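Structure file target_14.pdb (PDB, C-alpha atoms) follows.
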ATOM      1  CA  MET B   1      18.239   4.606  -4.310  1.00  0.00           C
ATOM      2  CA  SER B   2      18.052   1.152  -5.868  1.00  0.00           C
ATOM      3  CA  ASP B   3      14.781  -0.650  -6.312  1.00  0.00           C
ATOM      4  CA  PRO B   4      13.734  -2.610  -3.271  1.00  0.00           C
ATOM      5  CA  ASN B   5      13.336  -6.339  -3.084  1.00  0.00           C
ATOM      6  CA  LEU B   6      10.534  -5.863  -0.555  1.00  0.00           C
ATOM      7  CA  ALA B   7       6.794  -5.885  -1.127  1.00  0.00           C
ATOM      8  CA  LEU B   8       3.633  -5.524   0.917  1.00  0.00           C
ATOM      9  CA  SER B   9       0.205  -6.969   0.101  1.00  0.00           C
ATOM     10  CA  ILE B  10      -2.598  -4.484   0.678  1.00  0.00           C
ATOM     11  CA  ARG B  11      -6.267  -5.171   0.049  1.00  0.00           C
ATOM     12  CA  GLN B  12      -8.206  -3.351  -2.592  1.00  0.00           C
ATOM     13  CA  PRO B  13      -9.486  -0.703  -2.866  1.00  0.00           C
ATOM     14  CA  TRP B  14      -6.815   0.569  -0.433  1.00  0.00           C
ATOM     15  CA  ALA B  15      -3.896  -0.229  -2.762  1.00  0.00           C
ATOM     16  CA  GLU B  16      -5.569   1.671  -5.603  1.00  0.00           C
ATOM     17  CA  LEU B  17      -6.233   4.642  -3.313  1.00  0.00           C
ATOM     18  CA  ILE B  18      -2.537   4.653  -2.332  1.00  0.00           C
ATOM     19  CA  LEU B  19      -1.545   4.721  -6.014  1.00  0.00           C
ATOM     20  CA  GLN B  20      -3.963   7.609  -6.612  1.00  0.00           C
ATOM     21  CA  GLY B  21      -2.343   9.559  -3.757  1.00  0.00           C
ATOM     22  CA  ARG B  22      -5.666   9.713  -1.893  1.00  0.00           C
ATOM     23  CA  LYS B  23      -4.497   7.372   0.895  1.00  0.00           C
ATOM     24  CA  THR B  24      -1.169   8.455   2.369  1.00  0.00           C
ATOM     25  CA  ILE B  25      -1.368   6.520   5.632  1.00  0.00           C
ATOM     26  CA  GLU B  26      -1.609   2.741   5.799  1.00  0.00           C
ATOM     27  CA  VAL B  27      -2.697   1.514   9.237  1.00  0.00           C
ATOM     28  CA  ARG B  28      -0.922  -1.555  10.584  1.00  0.00           C
ATOM     29  CA  THR B  29      -0.509  -3.184  13.998  1.00  0.00           C
ATOM     30  CA  TRP B  30       3.129  -4.134  13.459  1.00  0.00           C
ATOM     31  CA  ASP B  31       6.327  -2.142  13.075  1.00  0.00           C
ATOM     32  CA  THR B  32       9.429  -2.476  10.935  1.00  0.00           C
ATOM     33  CA  ASP B  33      12.822  -0.791  10.950  1.00  0.00           C
ATOM     34  CA  TYR B  34      12.679  -0.581   7.152  1.00  0.00           C
ATOM     35  CA  ARG B  35      12.249   2.817   5.509  1.00  0.00           C
ATOM     36  CA  GLY B  36      12.273   3.331   1.761  1.00  0.00           C
ATOM     37  CA  ARG B  37      10.410   2.140  -1.310  1.00  0.00           C
ATOM     38  CA  PHE B  38       8.524  -1.115  -1.429  1.00  0.00           C
ATOM     39  CA  TRP B  39       6.507  -2.808  -4.142  1.00  0.00           C
ATOM     40  CA  LEU B  40       2.756  -2.703  -3.761  1.00  0.00           C
ATOM     41  CA  HIS B  41       0.973  -6.028  -4.152  1.00  0.00           C
ATOM     42  CA  THR B  42      -2.811  -6.360  -4.040  1.00  0.00           C
ATOM     43  CA  GLY B  43      -4.598  -8.990  -2.029  1.00  0.00           C
ATOM     44  CA  LYS B  44      -7.112 -11.276  -3.721  1.00  0.00           C
ATOM     45  CA  SER B  45     -10.120 -10.690  -1.458  1.00  0.00           C
ATOM     46  CA  ALA B  46     -12.917  -8.543  -2.857  1.00  0.00           C
ATOM     47  CA  ASP B  47     -15.474  -6.221  -1.277  1.00  0.00           C
ATOM     48  CA  PRO B  48     -17.469  -4.700  -4.171  1.00  0.00           C
ATOM     49  CA  ASP B  49     -19.504  -2.493  -1.807  1.00  0.00           C
ATOM     50  CA  LEU B  50     -16.323  -0.959  -0.360  1.00  0.00           C
ATOM     51  CA  ASP B  51     -14.924  -0.495  -3.890  1.00  0.00           C
ATOM     52  CA  ARG B  52     -18.075   1.419  -4.851  1.00  0.00           C
ATOM     53  CA  ARG B  53     -18.056   3.540  -1.674  1.00  0.00           C
ATOM     54  CA  MET B  54     -14.437   4.497  -2.314  1.00  0.00           C
ATOM     55  CA  GLY B  55     -15.065   5.255  -6.008  1.00  0.00           C
ATOM     56  CA  VAL B  56     -12.906   2.420  -7.332  1.00  0.00           C
ATOM     57  CA  SER B  57     -14.102   0.164 -10.131  1.00  0.00           C
ATOM     58  CA  ASN B  58     -12.729  -3.369 -10.652  1.00  0.00           C
ATOM     59  CA  PRO B  59      -9.245  -2.875  -9.194  1.00  0.00           C
ATOM     60  CA  PRO B  60      -6.711  -5.626  -9.942  1.00  0.00           C
ATOM     61  CA  ARG B  61      -6.398  -8.300  -7.270  1.00  0.00           C
ATOM     62  CA  GLY B  62      -3.484 -10.682  -6.814  1.00  0.00           C
ATOM     63  CA  PHE B  63      -1.025  -8.466  -8.713  1.00  0.00           C
ATOM     64  CA  PHE B  64       1.935  -6.175  -8.229  1.00  0.00           C
ATOM     65  CA  VAL B  65       0.579  -2.745  -9.198  1.00  0.00           C
ATOM     66  CA  GLY B  66       3.303  -0.224  -8.295  1.00  0.00           C
ATOM     67  CA  ARG B  67       5.595   0.964  -5.564  1.00  0.00           C
ATOM     68  CA  VAL B  68       5.495   3.545  -2.812  1.00  0.00           C
ATOM     69  CA  MET B  69       7.869   5.158  -0.317  1.00  0.00           C
ATOM     70  CA  LEU B  70       7.578   4.344   3.381  1.00  0.00           C
ATOM     71  CA  GLU B  71       8.675   7.625   4.979  1.00  0.00           C
ATOM     72  CA  SER B  72       8.053   6.840   8.647  1.00  0.00           C
ATOM     73  CA  ILE B  73       5.910   4.931  11.101  1.00  0.00           C
ATOM     74  CA  SER B  74       4.084   6.694  13.916  1.00  0.00           C
ATOM     75  CA  PRO B  75       1.939   5.389  16.772  1.00  0.00           C
ATOM     76  CA  ILE B  76      -1.699   6.431  16.570  1.00  0.00           C
ATOM     77  CA  ASP B  77      -3.805   7.494  19.530  1.00  0.00           C
ATOM     78  CA  ALA B  78      -7.538   8.269  19.413  1.00  0.00           C
ATOM     79  CA  ALA B  79      -6.945  11.964  18.641  1.00  0.00           C
ATOM     80  CA  ARG B  80      -4.524  11.220  15.799  1.00  0.00           C
ATOM     81  CA  TRP B  81      -6.904   8.602  14.406  1.00  0.00           C
ATOM     82  CA  GLU B  82      -9.541  11.313  13.960  1.00  0.00           C
ATOM     83  CA  LEU B  83      -7.076  14.004  12.870  1.00  0.00           C
ATOM     84  CA  TRP B  84      -5.569  11.760  10.171  1.00  0.00           C
ATOM     85  CA  ARG B  85      -8.834  10.124   9.044  1.00  0.00           C
ATOM     86  CA  SER B  86      -8.686  11.889   5.659  1.00  0.00           C
ATOM     87  CA  LYS B  87      -5.201  10.434   5.107  1.00  0.00           C
ATOM     88  CA  HIS B  88      -5.907   6.806   6.087  1.00  0.00           C
ATOM     89  CA  LEU B  89      -9.552   6.814   4.918  1.00  0.00           C
ATOM     90  CA  GLY B  90     -10.582   4.449   7.698  1.00  0.00           C
ATOM     91  CA  SER B  91     -14.205   4.543   8.752  1.00  0.00           C
ATOM     92  CA  GLY B  92     -13.808   2.227  11.720  1.00  0.00           C
ATOM     93  CA  ARG B  93     -12.969   2.994  15.316  1.00  0.00           C
ATOM     94  CA  TYR B  94      -9.599   3.595  16.840  1.00  0.00           C
ATOM     95  CA  GLU B  95      -7.989   0.500  18.374  1.00  0.00           C
ATOM     96  CA  PRO B  96      -4.972   0.687  20.712  1.00  0.00           C
ATOM     97  CA  GLY B  97      -1.739  -0.482  19.091  1.00  0.00           C
ATOM     98  CA  MET B  98      -2.407   0.991  15.659  1.00  0.00           C
ATOM     99  CA  LEU B  99       0.545   2.395  13.730  1.00  0.00           C
ATOM    100  CA  ALA B 100       0.459   4.878  10.867  1.00  0.00           C
ATOM    101  CA  TRP B 101       2.740   3.983   7.975  1.00  0.00           C
ATOM    102  CA  ILE B 102       3.351   7.356   6.311  1.00  0.00           C
ATOM    103  CA  LEU B 103       3.521   6.843   2.537  1.00  0.00           C
ATOM    104  CA  SER B 104       4.594   9.076  -0.337  1.00  0.00           C
ATOM    105  CA  SER B 105       5.671   9.049  -3.983  1.00  0.00           C
ATOM    106  CA  PRO B 106       3.387   6.359  -5.411  1.00  0.00           C
ATOM    107  CA  GLU B 107       4.357   4.998  -8.810  1.00  0.00           C
ATOM    108  CA  ARG B 108       2.061   2.808 -10.892  1.00  0.00           C
ATOM    109  CA  LEU B 109       2.991  -0.068 -13.181  1.00  0.00           C
ATOM    110  CA  ALA B 110       1.865   0.308 -16.793  1.00  0.00           C
ATOM    111  CA  GLU B 111       0.484  -3.231 -16.500  1.00  0.00           C
ATOM    112  CA  PRO B 112      -0.116  -5.181 -13.287  1.00  0.00           C
ATOM    113  CA  VAL B 113       2.017  -8.283 -12.787  1.00  0.00           C
ATOM    114  CA  PRO B 114       0.235 -11.364 -11.382  1.00  0.00           C
ATOM    115  CA  ALA B 115       1.873 -12.916  -8.325  1.00  0.00           C
ATOM    116  CA  PRO B 116       1.003 -14.478  -4.989  1.00  0.00           C
ATOM    117  CA  GLY B 117       1.223 -12.267  -1.923  1.00  0.00           C
ATOM    118  CA  LYS B 118       2.409 -12.907   1.601  1.00  0.00           C
ATOM    119  CA  LEU B 119       1.936 -11.481   5.052  1.00  0.00           C
ATOM    120  CA  LYS B 120       4.040  -8.549   6.304  1.00  0.00           C
ATOM    121  CA  LEU B 121       6.903  -7.151   4.202  1.00  0.00           C
ATOM    122  CA  PHE B 122       8.147  -9.959   1.980  1.00  0.00           C
ATOM    123  CA  GLU B 123      11.138 -10.413  -0.291  1.00  0.00           C
ATOM    124  CA  ILE B 124      10.831 -10.860  -4.031  1.00  0.00           C
ATOM    125  CA  ASP B 125      13.597 -12.080  -6.273  1.00  0.00           C
ATOM    126  CA  ASP B 126      15.755  -9.940  -8.546  1.00  0.00           C
ATOM    127  CA  ALA B 127      14.129 -11.239 -11.747  1.00  0.00           C
ATOM    128  CA  VAL B 128      10.700 -10.092 -10.545  1.00  0.00           C
ATOM    129  CA  VAL B 129      12.110  -6.693  -9.509  1.00  0.00           C
ATOM    130  CA  ARG B 130      13.594  -6.247 -13.013  1.00  0.00           C
ATOM    131  CA  GLN B 131      10.199  -7.088 -14.532  1.00  0.00           C
ATOM    132  CA  LEU B 132       8.437  -4.600 -12.241  1.00  0.00           C
ATOM    133  CA  ARG B 133      10.987  -1.860 -12.865  1.00  0.00           C
ATOM    134  CA  ALA B 134      10.518  -2.260 -16.633  1.00  0.00           C
ATOM    135  CA  ARG B 135       6.775  -1.625 -16.232  1.00  0.00           C
ATOM    136  CA  LEU B 136       6.991   1.453 -13.996  1.00  0.00           C
ATOM    137  CA  ILE B 137       5.371   4.678 -15.098  1.00  0.00           C
ATOM    138  CA  VAL B 138       7.910   7.002 -13.491  1.00  0.00           C
ATOM    139  CA  GLY B 139       6.805  10.378 -12.187  1.00  0.00           C
ATOM    140  CA  ARG B 140       3.085   9.750 -11.850  1.00  0.00           C
ATOM    141  CA  ALA B 141       0.815   7.173 -10.332  1.00  0.00           C
ATOM    142  CA  THR B 142      -2.691   8.087 -11.426  1.00  0.00           C
TER     143      THR B 142
END
For this file, write the structure as structure tokens.
Amino acid sequence: MSDPNLALSIRQPWAELILQGRKTIEVRTWDTDYRGRFWLHTGKSADPDLDRRMGVSNPPRGFFVGRVMLESISPIDAARWELWRSKHLGSGRYEPGMLAWILSSPERLAEPVPAPGKLKLFEIDDAVVRQLRARLIVGRAT
């Protein structure tokens, strides 16, 4: 499979937890037909208390940090929300309309690459993809 030209911005510490393999479900309220790898970009907003609670120290913000595989997307009901809590790490309440993005195979970049993010899945150009691919640590994320 070729490298994707798609990326998704995810807030920290969630992006770091995905790269560590601790978070395997990303909760979203929107769907996509896309399945496959996408580049993981980190949002710029910070919540130091949440970082501490999740055991993450000074995660990069406003960078590409790796890539991950989107295996499937599944609707979540209240029972699934509780059943999958250890996979999405959410402490909040279930809200109707939530979707579980099932993630696997995280790969970390040796060095984060600074870049602006966007909402939803967004396209990045080939030159950026080549730069990201050159920095991948293949076979392990942590």
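Across B:Pro4, B:Gly62, B:Gly36, B:Pro13, the tightest approach to Asp49 (chain B) is made by B:Pro13 when counting only C-alpha atoms.
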Take the PyMOL selection byres ((chain B and resi 47) around 12), run it mentally on this structure, and tell me the resulting residues as an MDAnalysis selection string.
chainID B and resid 11:14 43:46 48:54 56:59 61
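Within the 8 Å cut-off around Gly66 (chain B), using all atoms listed in the file and omitting residues fewer than 5 positions from it on the same chain, the listed residues are Leu19, Trp39, Leu40, His41, Pro106, Glu107, Arg108, Leu109, Pro112, Leu132 and Leu136 of chain B.
One distance worth recording is that between CA of Asp77 (chain B) and CA of Thr24 (chain B), which is 17.4 Å.
Minimum atom-to-atom distances from B:Arg135, B:Lys87, B:Arg67, B:Lys23 to Thr42 (chain B) were compared using all atoms listed in the file, and the lowest value belongs to B:Arg67.
Among the candidate residues B:Phe122, B:Tyr94, B:Trp101, B:Phe64, the one lying nearest to Ala79 (chain B) is B:Tyr94, with distances computed using all atoms listed in the file.
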What is the CA of Pro60 (chain B)-CA of Asp31 (chain B) distance in Å, reported with one decimal?
26.7 Å
What are the nearest atom pairs, with distances in Å to one decimal, for all residues of region 71-137 of chain B that come at most 6 Å from region 25-30 of chain B, using only C-alpha atoms, set out by chain and rising residue number as a tab-separated table?
residue	atom	partner	partner_atom	distance
B:Lys87	CA	B:Ile25	CA	5.5
B:His88	CA	B:Ile25	CA	4.6
B:Gly97	CA	B:Thr29	CA	5.9
B:Met98	CA	B:Thr29	CA	4.9
B:Leu99	CA	B:Arg28	CA	5.3
B:Ala100	CA	B:Val27	CA	4.9
B:Trp101	CA	B:Glu26	CA	5.0
B:Ile102	CA	B:Ile25	CA	4.8
B:Leu103	CA	B:Ile25	CA	5.8
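As for CA of Thr32 (chain B) and CA of Ser72 (chain B), they are spaced 9.7 Å apart.
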Just want the 9 Å neighbourhood of Val129 (chain B), counted on only C-alpha atoms, with same-chain residues fewer than 2 positions away dropped. Output as JSON, numbers by chain.
{"B": [3, 4, 5, 39, 124, 125, 126, 127, 131, 132, 133, 134]}
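With distances restricted to all atoms listed in the file, B:Arg35 is the closest residue to Glu71 (chain B) from B:Arg35, B:Leu83, B:Gly55, B:Ser91.
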Report the residues retrieved by the PyMOL selection byres ((chain B and resi 37) around 6) from the displayed file, expressed as number ranges by chain.
B: 36, 38, 68-70
Once you have the residues from the selection above, write them out as a PDB file, in the coordinates of the input, restricted to C-alpha atoms.
ATOM      1  CA  GLY B  36      12.273   3.331   1.761  1.00  0.00           C
ATOM      2  CA  PHE B  38       8.524  -1.115  -1.429  1.00  0.00           C
ATOM      3  CA  VAL B  68       5.495   3.545  -2.812  1.00  0.00           C
ATOM      4  CA  MET B  69       7.869   5.158  -0.317  1.00  0.00           C
ATOM      5  CA  LEU B  70       7.578   4.344   3.381  1.00  0.00           C
TER       6      LEU B  70
END
The PyMOL selection byres ((chain B and resi 121) around 6) - which residues does that actually catch in the file I just gave you? List them as a ChimeraX atom specification.
/B:7-8,120,122
Box dimensions and centre (Å, one decimal) enclosing region 91-107 of chain B, axis-aligned, 6 Å extra per side, as JSON:
{"center_x": -4.3, "center_y": 4.3, "center_z": 6.0, "size_x": 31.9, "size_y": 21.6, "size_z": 41.5}
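Of the residues listed (B:Ile18, B:Ile73, B:Ile10, B:Ile137), B:Ile137 shows the shortest atom-to-atom separation from Ala110 (chain B); distances use only C-alpha atoms.
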Which of B:Glu111, B:Ser105, B:Glu95, B:Trp81 sits closest to Val65 (chain B) [using only C-alpha atoms]:
B:Glu111
Reconstruct region 89-100 of chain B at the level of all heavy atoms, and format the result as an mmCIF file, keeping the file's coordinate frame.
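The resulting selection_9.cif:
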data_model
loop_
_atom_site.group_PDB
_atom_site.id
_atom_site.type_symbol
_atom_site.label_atom_id
_atom_site.label_comp_id
_atom_site.auth_asym_id
_atom_site.auth_seq_id
_atom_site.Cartn_x
_atom_site.Cartn_y
_atom_site.Cartn_z
ATOM 1 N N LEU B 89 -8.240 7.120 5.490
ATOM 2 C CA LEU B 89 -9.552 6.814 4.918
ATOM 3 C C LEU B 89 -10.312 5.733 5.684
ATOM 4 O O LEU B 89 -11.262 5.154 5.158
ATOM 5 C CB LEU B 89 -9.430 6.417 3.436
ATOM 6 C CG LEU B 89 -8.741 7.451 2.536
ATOM 7 C CD1 LEU B 89 -8.611 6.917 1.122
ATOM 8 C CD2 LEU B 89 -9.490 8.772 2.548
ATOM 9 N N GLY B 90 -9.902 5.461 6.901
ATOM 10 C CA GLY B 90 -10.582 4.449 7.698
ATOM 11 C C GLY B 90 -11.883 4.969 8.267
ATOM 12 O O GLY B 90 -11.953 6.083 8.769
ATOM 13 N N SER B 91 -12.913 4.137 8.204
ATOM 14 C CA SER B 91 -14.205 4.543 8.752
ATOM 15 C C SER B 91 -14.474 3.868 10.091
ATOM 16 O O SER B 91 -15.454 4.180 10.748
ATOM 17 C CB SER B 91 -15.328 4.215 7.769
ATOM 18 O OG SER B 91 -15.348 2.824 7.526
ATOM 19 N N GLY B 92 -13.613 2.948 10.468
ATOM 20 C CA GLY B 92 -13.808 2.227 11.720
ATOM 21 C C GLY B 92 -13.361 3.030 12.926
ATOM 22 O O GLY B 92 -13.036 4.214 12.832
ATOM 23 N N ARG B 93 -13.360 2.351 14.062
ATOM 24 C CA ARG B 93 -12.969 2.994 15.316
ATOM 25 C C ARG B 93 -11.482 2.803 15.585
ATOM 26 O O ARG B 93 -10.860 1.865 15.113
ATOM 27 C CB ARG B 93 -13.751 2.376 16.474
ATOM 28 C CG ARG B 93 -15.229 2.642 16.415
ATOM 29 C CD ARG B 93 -15.932 2.054 17.601
ATOM 30 N NE ARG B 93 -15.222 0.867 18.079
ATOM 31 C CZ ARG B 93 -15.658 0.031 18.980
ATOM 32 N NH1 ARG B 93 -16.825 0.235 19.519
ATOM 33 N NH2 ARG B 93 -14.966 -1.011 19.359
ATOM 34 N N TYR B 94 -10.971 3.697 16.374
ATOM 35 C CA TYR B 94 -9.599 3.595 16.840
ATOM 36 C C TYR B 94 -9.455 2.345 17.714
ATOM 37 O O TYR B 94 -10.320 2.037 18.517
ATOM 38 C CB TYR B 94 -9.226 4.852 17.645
ATOM 39 C CG TYR B 94 -7.995 4.656 18.478
ATOM 40 C CD1 TYR B 94 -6.743 4.619 17.887
ATOM 41 C CD2 TYR B 94 -8.089 4.465 19.855
ATOM 42 C CE1 TYR B 94 -5.613 4.402 18.657
ATOM 43 C CE2 TYR B 94 -6.953 4.255 20.620
ATOM 44 C CZ TYR B 94 -5.717 4.218 20.013
ATOM 45 O OH TYR B 94 -4.603 3.995 20.762
ATOM 46 N N GLU B 95 -8.347 1.649 17.544
ATOM 47 C CA GLU B 95 -7.989 0.500 18.374
ATOM 48 C C GLU B 95 -6.574 0.727 18.892
ATOM 49 O O GLU B 95 -5.680 1.086 18.120
ATOM 50 C CB GLU B 95 -8.019 -0.798 17.558
ATOM 51 C CG GLU B 95 -9.379 -1.152 16.986
ATOM 52 C CD GLU B 95 -10.346 -1.674 18.031
ATOM 53 O OE1 GLU B 95 -9.887 -2.199 19.061
ATOM 54 O OE2 GLU B 95 -11.560 -1.544 17.801
ATOM 55 N N PRO B 96 -6.334 0.539 20.182
ATOM 56 C CA PRO B 96 -4.972 0.687 20.712
ATOM 57 C C PRO B 96 -3.988 -0.220 19.960
ATOM 58 O O PRO B 96 -4.345 -1.325 19.544
ATOM 59 C CB PRO B 96 -5.112 0.255 22.167
ATOM 60 C CG PRO B 96 -6.547 0.479 22.495
ATOM 61 C CD PRO B 96 -7.295 0.192 21.224
ATOM 62 N N GLY B 97 -2.784 0.281 19.774
ATOM 63 C CA GLY B 97 -1.739 -0.482 19.091
ATOM 64 C C GLY B 97 -1.627 -0.197 17.606
ATOM 65 O O GLY B 97 -0.760 -0.750 16.940
ATOM 66 N N MET B 98 -2.474 0.663 17.077
ATOM 67 C CA MET B 98 -2.407 0.991 15.659
ATOM 68 C C MET B 98 -1.178 1.854 15.368
ATOM 69 O O MET B 98 -0.808 2.696 16.167
ATOM 70 C CB MET B 98 -3.659 1.728 15.206
ATOM 71 C CG MET B 98 -4.894 0.898 15.199
ATOM 72 S SD MET B 98 -6.312 1.925 14.705
ATOM 73 C CE MET B 98 -7.475 0.657 14.288
ATOM 74 N N LEU B 99 -0.609 1.618 14.188
ATOM 75 C CA LEU B 99 0.545 2.395 13.730
ATOM 76 C C LEU B 99 0.231 2.981 12.357
ATOM 77 O O LEU B 99 -0.369 2.312 11.508
ATOM 78 C CB LEU B 99 1.782 1.504 13.625
ATOM 79 C CG LEU B 99 2.254 0.872 14.930
ATOM 80 C CD1 LEU B 99 3.308 -0.189 14.636
ATOM 81 C CD2 LEU B 99 2.807 1.928 15.866
ATOM 82 N N ALA B 100 0.643 4.208 12.155
ATOM 83 C CA ALA B 100 0.459 4.878 10.867
ATOM 84 C C ALA B 100 1.738 4.738 10.047
ATOM 85 O O ALA B 100 2.790 5.233 10.450
ATOM 86 C CB ALA B 100 0.146 6.354 11.083
#
